[in-house]
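Shown next: start.cif, given as mmCIF, C-alpha atoms (C1' of nucleotides).
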data_query
loop_
_atom_site.label_atom_id
_atom_site.label_comp_id
_atom_site.auth_asym_id
_atom_site.auth_seq_id
_atom_site.Cartn_x
_atom_site.Cartn_y
_atom_site.Cartn_z
CA MET A 1 27.04 -16.42 5.13
CA ALA A 2 26.06 -16.07 1.54
CA ALA A 3 27.53 -18.86 -0.52
CA ALA A 4 29.00 -18.01 -3.85
CA ARG A 5 25.59 -18.17 -5.49
CA ALA A 6 22.51 -17.28 -3.52
CA GLY A 7 20.09 -18.40 -6.22
CA LEU A 8 18.26 -15.14 -6.69
CA THR A 9 15.41 -14.80 -9.15
CA ALA A 10 12.98 -12.05 -9.90
CA GLU A 11 10.24 -14.32 -8.57
CA ARG A 12 11.99 -15.12 -5.30
CA ILE A 13 12.78 -11.46 -4.75
CA THR A 14 9.21 -10.46 -5.50
CA ARG A 15 7.82 -13.03 -3.12
CA ALA A 16 10.19 -11.95 -0.37
CA ALA A 17 9.25 -8.34 -1.01
CA ALA A 18 5.57 -9.24 -0.68
CA ASP A 19 6.18 -11.05 2.59
CA LEU A 20 8.20 -8.12 3.89
CA ALA A 21 5.44 -5.74 2.82
CA ASP A 22 2.92 -7.69 4.86
CA GLU A 23 5.18 -7.30 7.88
CA VAL A 24 6.38 -3.73 7.72
CA GLY A 25 4.06 -2.09 5.21
CA PHE A 26 4.30 -1.73 1.48
CA ASP A 27 6.00 1.68 1.51
CA ASN A 28 8.60 0.47 3.96
CA VAL A 29 9.92 -2.26 1.68
CA THR A 30 13.49 -1.36 0.84
CA VAL A 31 15.99 -2.91 -1.51
CA SER A 32 18.53 -2.94 1.30
CA ALA A 33 16.30 -4.92 3.61
CA LEU A 34 15.65 -7.47 0.89
CA ALA A 35 19.36 -7.78 0.20
CA ARG A 36 19.99 -8.38 3.88
CA HIS A 37 17.28 -11.04 3.89
CA PHE A 38 19.09 -12.94 1.14
CA GLY A 39 22.51 -12.33 2.67
CA VAL A 40 23.56 -10.38 -0.37
CA LYS A 41 24.64 -6.87 -1.27
CA ASP A 42 22.12 -4.32 -2.53
CA ALA A 43 23.67 -4.14 -5.96
CA SER A 44 23.09 -7.82 -6.56
CA LEU A 45 19.33 -7.39 -6.72
CA TYR A 46 19.55 -5.02 -9.63
CA SER A 47 20.49 -7.87 -11.95
CA HIS A 48 17.00 -9.29 -11.46
CA VAL A 49 14.89 -6.22 -10.89
CA LYS A 50 15.18 -2.91 -12.70
CA ASN A 51 14.60 -0.65 -9.75
CA LEU A 52 12.34 -0.15 -6.78
CA ARG A 53 9.36 0.87 -8.89
CA ASP A 54 9.74 -2.24 -10.98
CA LEU A 55 9.85 -4.34 -7.82
CA ARG A 56 6.72 -2.68 -6.49
CA THR A 57 4.91 -3.29 -9.74
CA ARG A 58 5.86 -6.96 -9.59
CA VAL A 59 4.51 -7.25 -6.06
CA ALA A 60 1.30 -5.58 -7.20
CA VAL A 61 0.88 -8.10 -10.01
CA LEU A 62 1.64 -11.01 -7.70
CA ALA A 63 -0.86 -9.82 -5.12
CA ALA A 64 -3.55 -9.07 -7.67
CA GLY A 65 -3.18 -12.58 -9.02
CA GLU A 66 -3.38 -14.23 -5.62
CA MET A 67 -6.34 -12.14 -4.64
CA VAL A 68 -8.37 -12.72 -7.76
CA ASP A 69 -7.73 -16.46 -7.49
CA LEU A 70 -9.09 -16.53 -3.97
CA ILE A 71 -12.10 -14.45 -4.92
CA ALA A 72 -12.80 -16.60 -7.94
CA ALA A 73 -12.68 -19.73 -5.81
CA ALA A 74 -15.01 -18.19 -3.26
CA VAL A 75 -17.53 -17.04 -5.83
CA ALA A 76 -17.49 -20.22 -7.90
CA GLY A 77 -20.88 -21.87 -8.02
CA ARG A 78 -22.67 -19.08 -6.21
CA SER A 79 -24.87 -16.32 -7.47
CA GLY A 80 -26.85 -13.37 -6.24
CA LYS A 81 -26.50 -12.52 -2.59
CA ASP A 82 -24.42 -15.62 -1.89
CA ALA A 83 -21.92 -14.59 -4.51
CA LEU A 84 -21.84 -11.05 -3.19
CA ALA A 85 -21.13 -12.20 0.35
CA ALA A 86 -18.49 -14.66 -0.83
CA PHE A 87 -16.79 -12.05 -2.99
CA ALA A 88 -16.81 -9.51 -0.18
CA GLY A 89 -15.58 -12.01 2.38
CA ALA A 90 -12.68 -13.17 0.24
CA TYR A 91 -11.78 -9.60 -0.60
CA ARG A 92 -11.70 -8.37 2.98
CA SER A 93 -10.03 -11.50 4.25
CA TYR A 94 -7.17 -11.12 1.81
CA ALA A 95 -6.79 -7.42 2.49
CA LEU A 96 -6.58 -7.94 6.24
CA ARG A 97 -4.41 -11.02 6.11
CA HIS A 98 -1.98 -9.48 3.62
CA PRO A 99 -2.03 -5.73 4.24
CA GLY A 100 1.23 -5.10 2.40
CA ARG A 101 0.23 -7.11 -0.66
CA TYR A 102 -3.18 -5.46 -0.67
CA ALA A 103 -1.63 -2.00 -0.48
CA ALA A 104 0.46 -2.99 -3.48
CA THR A 105 -2.61 -3.71 -5.54
CA GLN A 106 -3.92 -0.26 -4.70
CA SER A 107 -0.72 1.59 -5.51
CA LYS A 108 -0.95 3.42 -8.76
CA VAL A 109 0.95 1.19 -11.14
CA ASP A 110 1.80 2.21 -14.64
CA LEU A 111 -0.31 -0.33 -16.47
CA ALA A 112 1.80 0.19 -19.57
CA GLN A 113 4.72 -1.38 -17.69
CA VAL A 114 2.84 -4.42 -16.47
CA ALA A 115 3.78 -7.53 -18.38
CA ASP A 116 0.77 -9.61 -17.40
CA LEU A 117 -2.44 -7.63 -17.28
CA ALA A 118 -4.61 -10.70 -16.78
CA PRO A 119 -4.95 -10.50 -12.97
CA PHE A 120 -6.28 -6.96 -13.15
CA LEU A 121 -8.72 -7.70 -15.92
CA ARG A 122 -10.02 -10.84 -14.26
CA THR A 123 -11.09 -8.90 -11.18
CA GLY A 124 -13.26 -6.72 -13.35
CA GLU A 125 -14.79 -9.69 -15.13
CA LEU A 126 -15.56 -11.36 -11.82
CA THR A 127 -17.28 -8.30 -10.49
CA TYR A 128 -19.38 -7.79 -13.57
CA GLY A 129 -20.23 -11.46 -13.61
CA MET A 130 -21.32 -11.41 -10.01
CA LEU A 131 -23.71 -8.57 -10.73
CA ARG A 132 -25.39 -10.42 -13.54
CA ALA A 133 -28.00 -11.75 -11.14
CA TYR A 134 -29.15 -8.24 -10.32
CA ASP A 135 -30.11 -7.58 -13.91
CA LEU A 136 -28.62 -4.14 -14.40
CA ALA A 137 -27.92 -2.54 -17.76
CA GLU A 138 -25.26 0.01 -18.61
CA PRO A 139 -24.49 2.56 -17.33
CA ASP A 140 -26.04 1.33 -14.10
CA LEU A 141 -23.89 -1.77 -14.22
CA THR A 142 -20.66 0.19 -14.22
CA ASP A 143 -21.97 2.49 -11.53
CA ALA A 144 -22.78 -0.51 -9.37
CA VAL A 145 -19.35 -2.02 -9.94
CA ARG A 146 -17.75 1.24 -8.90
CA LEU A 147 -19.90 1.43 -5.80
CA LEU A 148 -18.98 -2.10 -4.77
CA ARG A 149 -15.28 -1.61 -5.35
CA SER A 150 -15.39 1.66 -3.44
CA THR A 151 -17.14 0.16 -0.48
CA PHE A 152 -14.90 -2.89 -0.29
CA HIS A 153 -11.74 -0.90 -0.67
CA GLY A 154 -12.86 1.90 1.59
CA TYR A 155 -13.99 -0.38 4.39
CA THR A 156 -10.91 -2.58 4.43
CA SER A 157 -8.46 0.26 4.18
CA LEU A 158 -10.17 2.27 6.90
CA GLU A 159 -10.24 -0.84 9.04
CA ALA A 160 -6.56 -1.45 8.34
CA VAL A 161 -5.45 1.99 9.51
CA GLY A 162 -7.61 1.72 12.59
CA GLY A 163 -10.22 4.15 11.38
CA PHE A 164 -13.10 2.46 13.20
CA GLN A 165 -12.80 3.46 16.82
CA HIS A 166 -16.33 2.73 17.94
CA SER A 167 -16.83 -0.33 20.09
CA ARG A 168 -19.28 -1.87 17.62
CA ASP A 169 -17.91 -5.13 16.24
CA VAL A 170 -16.16 -4.61 12.94
CA ASP A 171 -17.23 -7.97 11.51
CA ALA A 172 -20.86 -7.29 12.30
CA SER A 173 -20.68 -3.90 10.61
CA TRP A 174 -19.19 -5.57 7.58
CA ASP A 175 -21.99 -8.13 7.37
CA GLN A 176 -24.47 -5.34 7.68
CA ALA A 177 -22.75 -3.42 4.90
CA ILE A 178 -23.04 -6.44 2.62
CA GLU A 179 -26.69 -6.72 3.52
CA ALA A 180 -27.16 -3.04 2.72
CA LEU A 181 -25.36 -3.39 -0.60
CA HIS A 182 -27.58 -6.30 -1.51
CA VAL A 183 -30.63 -4.17 -0.82
CA THR A 184 -29.16 -1.37 -2.88
CA LEU A 185 -28.50 -3.64 -5.82
CA THR A 186 -31.97 -5.13 -5.78
CA HIS A 187 -33.61 -1.71 -5.54
CA TRP A 188 -31.17 0.10 -7.78
CA PRO A 189 -32.31 3.62 -8.64
CA ARG A 190 -32.22 3.43 -12.44
CA ALA A 191 -30.80 6.31 -14.38
CA ASN A 192 -33.55 8.13 -16.30
CA GLU A 193 -32.12 9.67 -19.43
CA GLU A 194 -28.44 10.33 -18.83
CA ASP A 195 -26.84 7.43 -20.60
CA ARG A 196 -23.69 6.08 -22.20
CA MET B 1 17.33 34.59 -0.77
CA ALA B 2 17.31 33.66 2.89
CA ALA B 3 17.89 36.73 5.02
CA ALA B 4 19.39 36.24 8.44
CA ARG B 5 15.98 35.26 9.77
CA ALA B 6 13.63 33.45 7.47
CA GLY B 7 10.70 33.69 9.87
CA LEU B 8 9.94 30.03 10.17
CA THR B 9 7.09 28.75 12.28
CA ALA B 10 5.60 25.35 12.78
CA GLU B 11 2.44 26.67 11.10
CA ARG B 12 4.21 28.06 8.04
CA ILE B 13 6.17 24.85 7.64
CA THR B 14 3.05 22.75 8.01
CA ARG B 15 1.19 24.82 5.45
CA ALA B 16 4.07 24.61 3.00
CA ALA B 17 4.27 20.86 3.56
CA ALA B 18 0.55 20.56 2.82
CA ASP B 19 0.91 22.55 -0.41
CA LEU B 20 3.88 20.44 -1.41
CA ALA B 21 1.93 17.28 -0.63
CA ASP B 22 -0.84 18.39 -2.98
CA GLU B 23 1.75 18.82 -5.71
CA VAL B 24 3.99 15.80 -5.38
CA GLY B 25 2.05 13.45 -3.13
CA PHE B 26 2.00 13.08 0.61
CA ASP B 27 4.70 10.41 0.80
CA ASN B 28 7.02 12.46 -1.35
CA VAL B 29 7.13 15.40 1.02
CA THR B 30 10.69 15.65 2.30
CA VAL B 31 12.28 17.86 4.90
CA SER B 32 14.97 18.74 2.40
CA ALA B 33 12.50 19.99 -0.17
CA LEU B 34 10.78 22.14 2.43
CA ALA B 35 14.09 23.59 3.54
CA ARG B 36 14.90 24.46 -0.08
CA HIS B 37 11.52 26.11 -0.42
CA PHE B 38 12.30 28.40 2.51
CA GLY B 39 15.90 28.96 1.40
CA VAL B 40 17.16 27.36 4.57
CA LYS B 41 19.20 24.37 5.64
CA ASP B 42 17.50 21.11 6.59
CA ALA B 43 18.62 21.31 10.19
CA SER B 44 16.84 24.63 10.69
CA LEU B 45 13.42 23.05 10.44
CA TYR B 46 14.05 20.78 13.38
CA SER B 47 13.75 23.72 15.77
CA HIS B 48 10.09 23.98 14.85
CA VAL B 49 9.15 20.41 14.06
CA LYS B 50 10.27 17.32 15.93
CA ASN B 51 10.79 15.07 12.96
CA LEU B 52 9.17 13.94 9.76
CA ARG B 53 6.43 12.00 11.51
CA ASP B 54 5.55 14.99 13.61
CA LEU B 55 5.34 17.11 10.46
CA ARG B 56 3.08 14.56 8.79
CA THR B 57 0.81 14.49 11.81
CA ARG B 58 0.55 18.28 11.72
CA VAL B 59 -0.40 18.19 8.06
CA ALA B 60 -3.03 15.59 8.85
CA VAL B 61 -4.54 17.78 11.56
CA LEU B 62 -4.48 20.83 9.32
CA ALA B 63 -6.16 18.97 6.48
CA ALA B 64 -8.76 17.36 8.72
CA GLY B 65 -9.66 20.78 10.08
CA GLU B 66 -9.99 22.36 6.63
CA MET B 67 -12.01 19.46 5.38
CA VAL B 68 -14.46 19.32 8.23
CA ASP B 69 -15.00 23.08 7.99
CA LEU B 70 -15.91 22.80 4.32
CA ILE B 71 -18.20 19.86 4.96
CA ALA B 72 -19.87 21.63 7.87
CA ALA B 73 -20.50 24.69 5.71
CA ALA B 74 -21.93 22.55 2.93
CA VAL B 75 -24.24 20.61 5.22
CA ALA B 76 -25.43 23.62 7.22
CA GLY B 77 -29.17 24.12 6.97
CA ARG B 78 -29.77 20.94 5.00
CA SER B 79 -31.11 17.61 6.06
CA GLY B 80 -31.93 14.19 4.67
CA LYS B 81 -30.92 13.57 1.08
CA ASP B 82 -29.87 17.19 0.57
CA ALA B 83 -27.47 16.95 3.47
CA LEU B 84 -26.15 13.62 2.23
CA ALA B 85 -25.44 15.02 -1.23
CA ALA B 86 -23.85 18.16 0.19
CA PHE B 87 -21.66 16.15 2.56
CA ALA B 88 -20.58 13.81 -0.18
CA GLY B 89 -19.93 16.61 -2.62
CA ALA B 90 -17.78 18.58 -0.20
CA TYR B 91 -15.89 15.45 0.79
CA ARG B 92 -15.06 14.39 -2.73
CA SER B 93 -14.32 17.91 -3.86
CA TYR B 94 -11.77 18.39 -1.11
CA ALA B 95 -10.17 15.00 -1.69
CA LEU B 96 -9.73 15.63 -5.40
CA ARG B 97 -8.66 19.25 -5.08
CA HIS B 98 -6.15 18.49 -2.34
CA PRO B 99 -4.95 14.94 -2.88
CA GLY B 100 -1.88 15.34 -0.69
CA ARG B 101 -3.80 16.86 2.19
CA TYR B 102 -6.48 14.21 1.86
CA ALA B 103 -3.90 11.42 1.89
CA ALA B 104 -2.57 12.95 5.09
CA THR B 105 -5.94 12.61 6.78
CA GLN B 106 -5.98 8.93 5.85
CA SER B 107 -2.47 8.19 7.04
CA LYS B 108 -2.46 6.31 10.27
CA VAL B 109 -1.65 8.98 12.81
CA ASP B 110 -0.91 8.20 16.40
CA LEU B 111 -3.90 9.89 17.96
CA ALA B 112 -2.09 10.02 21.28
CA GLN B 113 0.37 12.45 19.71
CA VAL B 114 -2.22 14.76 18.25
CA ALA B 115 -2.52 17.98 20.20
CA ASP B 116 -5.92 19.04 18.86
CA LEU B 117 -8.30 16.16 18.41
CA ALA B 118 -11.26 18.41 17.64
CA PRO B 119 -11.08 18.18 13.82
CA PHE B 120 -11.25 14.42 13.92
CA LEU B 121 -14.10 14.29 16.38
CA ARG B 122 -16.14 16.92 14.53
CA THR B 123 -16.19 14.78 11.40
CA GLY B 124 -17.80 12.00 13.34
CA GLU B 125 -20.37 14.30 14.89
CA LEU B 126 -21.24 15.71 11.49
CA THR B 127 -21.76 12.28 10.03
CA TYR B 128 -23.93 11.09 12.86
CA GLY B 129 -25.89 14.32 12.76
CA MET B 130 -26.48 14.00 9.04
CA LEU B 131 -27.96 10.55 9.56
CA ARG B 132 -30.44 11.74 12.12
CA ALA B 133 -33.04 12.23 9.41
CA TYR B 134 -32.92 8.53 8.54
CA ASP B 135 -34.02 7.56 12.00
CA LEU B 136 -31.60 4.74 12.74
CA ALA B 137 -30.81 3.40 16.18
CA GLU B 138 -27.62 1.79 17.36
CA PRO B 139 -25.94 -0.34 16.25
CA ASP B 140 -27.41 0.36 12.83
CA LEU B 141 -26.36 3.97 13.14
CA THR B 142 -22.70 3.12 13.53
CA ASP B 143 -22.94 0.57 10.75
CA ALA B 144 -24.39 3.20 8.46
CA VAL B 145 -21.70 5.71 9.37
CA ARG B 146 -19.05 3.15 8.58
CA LEU B 147 -20.68 2.34 5.28
CA LEU B 148 -20.80 5.98 4.28
CA ARG B 149 -17.22 6.67 5.27
CA SER B 150 -16.07 3.57 3.43
CA THR B 151 -17.87 4.50 0.27
CA PHE B 152 -16.70 8.10 0.27
CA HIS B 153 -13.13 7.20 1.03
CA GLY B 154 -13.06 4.24 -1.31
CA TYR B 155 -14.54 6.08 -4.24
CA THR B 156 -12.33 9.14 -3.98
CA SER B 157 -9.15 7.21 -3.41
CA LEU B 158 -9.84 4.81 -6.26
CA GLU B 159 -10.63 7.78 -8.46
CA ALA B 160 -7.43 9.50 -7.36
CA VAL B 161 -5.18 6.60 -8.34
CA GLY B 162 -6.96 6.25 -11.67
CA GLY B 163 -8.80 3.09 -10.73
CA PHE B 164 -11.84 3.84 -12.84
CA GLN B 165 -10.85 3.05 -16.38
CA HIS B 166 -14.29 2.65 -17.91
CA SER B 167 -15.49 5.45 -20.16
CA ARG B 168 -18.54 6.08 -17.99
CA ASP B 169 -18.42 9.60 -16.56
CA VAL B 170 -16.98 9.58 -13.05
CA ASP B 171 -19.19 12.41 -11.82
CA ALA B 172 -22.32 10.64 -12.99
CA SER B 173 -21.28 7.43 -11.23
CA TRP B 174 -20.72 9.44 -8.08
CA ASP B 175 -24.18 11.00 -8.24
CA GLN B 176 -25.61 7.56 -8.76
CA ALA B 177 -23.70 6.24 -5.78
CA ILE B 178 -25.17 8.99 -3.60
CA GLU B 179 -28.59 8.10 -4.91
CA ALA B 180 -27.98 4.47 -4.08
CA LEU B 181 -26.77 5.30 -0.60
CA HIS B 182 -29.88 7.34 0.01
CA VAL B 183 -32.02 4.38 -0.98
CA THR B 184 -29.96 2.15 1.29
CA LEU B 185 -30.40 4.45 4.25
CA THR B 186 -34.12 4.78 3.78
CA HIS B 187 -34.56 1.02 3.41
CA TRP B 188 -31.95 0.03 5.95
CA PRO B 189 -32.01 -3.69 6.74
CA ARG B 190 -32.43 -3.53 10.51
CA ALA B 191 -30.42 -5.86 12.64
CA ASN B 192 -32.66 -8.43 14.29
CA GLU B 193 -31.18 -9.48 17.56
CA GLU B 194 -27.41 -9.13 17.31
CA ASP B 195 -26.72 -5.89 19.10
CA ARG B 196 -24.06 -3.63 20.55
"C1'" DT C 1 39.88 -32.48 -19.78
"C1'" DG C 2 40.60 -27.94 -20.94
"C1'" DT C 3 38.75 -23.31 -22.85
"C1'" DG C 4 35.49 -19.56 -23.33
"C1'" DC C 5 31.30 -17.33 -22.09
"C1'" DT C 6 27.84 -15.80 -19.45
"C1'" DA C 7 25.53 -15.26 -15.49
"C1'" DG C 8 25.53 -13.92 -10.67
"C1'" DC C 9 27.45 -11.53 -7.16
"C1'" DC C 10 30.97 -8.46 -5.75
"C1'" DT C 11 33.55 -3.72 -4.43
"C1'" DA C 12 33.50 1.07 -4.83
"C1'" DG C 13 31.35 5.18 -5.14
"C1'" DT C 14 27.57 9.13 -5.91
"C1'" DG C 15 23.95 11.64 -4.29
"C1'" DC C 16 19.87 12.20 -1.66
"C1'" DT C 17 17.53 11.66 2.65
"C1'" DC C 18 16.59 12.19 7.97
"C1'" DC C 19 18.44 13.62 11.95
"C1'" DT C 20 21.89 15.19 15.96
"C1'" DA C 21 25.36 18.08 18.29
"C1'" DG C 22 27.15 22.14 19.06
"C1'" DG C 23 28.33 27.04 17.51
"C1'" DA C 24 27.32 32.07 16.02
"C1'" DA C 25 24.44 35.95 15.28
"C1'" DG C 26 20.21 38.52 15.53
"C1'" DA C 27 16.34 39.99 18.61
"C1'" DA C 28 14.36 40.92 23.00
"C1'" DA C 29 14.68 42.02 27.97
"C1'" DG C 30 17.10 43.93 31.75
"C1'" DC D 1 25.01 48.22 26.97
"C1'" DT D 2 24.82 43.61 28.60
"C1'" DT D 3 22.53 39.26 29.13
"C1'" DT D 4 19.69 35.77 27.42
"C1'" DC D 5 17.01 33.33 24.24
"C1'" DT D 6 15.74 32.13 19.81
"C1'" DT D 7 16.85 31.19 15.19
"C1'" DC D 8 19.62 29.53 11.96
"C1'" DC D 9 24.11 27.78 10.89
"C1'" DT D 10 28.19 24.21 9.99
"C1'" DA D 11 29.65 19.56 10.41
"C1'" DG D 12 28.82 15.02 10.36
"C1'" DG D 13 26.67 10.12 10.81
"C1'" DA D 14 23.85 6.63 9.00
"C1'" DG D 15 20.48 4.59 5.72
"C1'" DC D 16 18.70 4.51 1.25
"C1'" DA D 17 18.49 3.90 -4.28
"C1'" DC D 18 21.22 3.19 -7.89
"C1'" DT D 19 25.52 2.87 -11.37
"C1'" DA D 20 29.98 1.27 -13.24
"C1'" DG D 21 32.98 -2.05 -13.62
"C1'" DG D 22 35.53 -6.38 -11.88
"C1'" DC D 23 35.95 -11.26 -10.36
"C1'" DT D 24 34.45 -16.01 -10.52
"C1'" DA D 25 31.39 -20.20 -10.62
"C1'" DG D 26 29.66 -23.19 -13.53
"C1'" DC D 27 27.83 -24.05 -17.93
"C1'" DA D 28 28.46 -25.34 -23.23
"C1'" DC D 29 31.32 -26.98 -26.30
"C1'" DA D 30 35.32 -28.89 -28.32
#
Represent the structure contained in this file as structure tokens.
Amino acid sequence: MAAARAGLTAERITRAAADLADEVGFDNVTVSALARHFGVKDASLYSHVKNLRDLRTRVAVLAAGEMVDLIAAAVAGRSGKDALAAFAGAYRSYALRHPGRYAATQSKVDLAQVADLAPFLRTGELTYGMLRAYDLAEPDLTDAVRLLRSTFHGYTSLEAVGGFQHSRDVDASWDQAIEALHVTLTHWPRANEEDR
Amino acid sequence: MAAARAGLTAERITRAAADLADEVGFDNVTVSALARHFGVKDASLYSHVKNLRDLRTRVAVLAAGEMVDLIAAAVAGRSGKDALAAFAGAYRSYALRHPGRYAATQSKVDLAQVADLAPFLRTGELTYGMLRAYDLAEPDLTDAVRLLRSTFHGYTSLEAVGGFQHSRDVDASWDQAIEALHVTLTHWPRANEEDR
DNA sequence: TGTGCTAGCCTAGTGCTCCTAGGAAGAAAG
DNA sequence: CTTTCTTCCTAGGAGCACTAGGCTAGCACA
């Protein structure tokens, strides 16, 4: 196997790493396994990727981009509660369908080393934009964004590790959580004097 | 260093592993590093601990026990919003003070291999008990528990990986989140007919 | 059509890791 | 004092990340 040239690229390696991550978990992605997948020796990958951390960062950027695209598509044309539900649905769907990629987006990446910051920034813009309908001003707006992100991330990651043992349907709980968040956002307890 | 007998025990090793995890991160805890810490060869640890996964599980149990004790102490004698704030405060405080231990509690452990399940069960009891004041019936109760757990876990883990870049004070956002959760629980959107 | 050059992939090797098998020495029990 | 058990050891295998340096395919250019 392994013709003279295997046609490796940073992109192909990154994509394969992301696929592998979805199968075996993000932390279990190894350079060796990727090399085997391409029918190539370990050392050959280091011409395209600096090291394992670099590879992980690339996967994180790839996943963040895919995810924000899906969320953007889901939210497009909606507002208020519809937008919230669409955002949440796309978010959870991606996280469950691509657990390895999703874990990558949550790994602490050195943002200074990321070439393309756009995917990460766009997620923030989308979230703030979605909240526009709820008419919140700073600092409540940021607090709300943090609450949403926390809930989405917390729920999906607990679900992914099997944290919900109760027999209650996990989808129904999720819908209910969205409902509850909507209520929270519409009856947001405004900050009195502590500002900035 | 390293007299004839170093006095190793599964407990001492587990505790050292937990301390190391808080320093360098849960995934970066190695058997070799622990052996060095005790002035002992790697192989010596395997008389007390089956393997790395077993060690990780032990750390998870240890951490879960510590955490639930602190939360129980904080919640004791309180109810309603006071209890919620105390629970949340103890949870976040432990997670931030002991990031490695906290990560251990969130690692997917094979519950079948856990000798003492009590710590894990007690957390659930505490959460359900805390919600008693809000007068929710199933399945809303379970939904609410899941929402709380998600928010707590999501917030602390995002905070831990540096996910909150905005200049808004992280403690203030947390207080606001608790406030919002309290509002949500008091105005819980009851499920109509979809049940159990 | 030949000649360099530059990728792309290789071999070889280091050091760290987890983990096993089997041996020796201290501690405890008779 | 002897036996036995526990604790820790040496020795070694296999997988992993990563480096240094060599060979060659296939391109650009003459």
**OP:** Could you give me, as a VMD selection string, the residues that sit within 12 Å of (36.2, -20.2, -21.7) in the file's coordinates, counting all atoms listed in the file?
**Re:** (chain C and resid 2 to 6) or (chain D and resid 26 to 30)
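Matched in the shown structure by the PyMOL selection byres ((chain D) within 8 of (chain A)): DC16, DA17, DC18 and DA25 of chain D.
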Original post:
Got a sec to pull out which chain A residues are within 9 Å of chain C, counting all atoms listed in the file, and send them as a PyMOL selection string?
Top reply: chain A and resi 4-8+40-41+43-44+47
**OP:** Using all atoms listed in the file, select each residue of chain B with any atom at most 6 Å away from an atom of chain A, and give the selection as a ChimeraX atom specification.
**Re:** /B:108,143,150-151,153-155,161,173,184,196
Subject >> Distance in Å - CA of Gly39 (chain A) versus CA of Glu23 (chain A) >> reply: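 CA of Glu23 (chain A) lies at a distance of 18.8 Å from CA of Gly39 (chain A).
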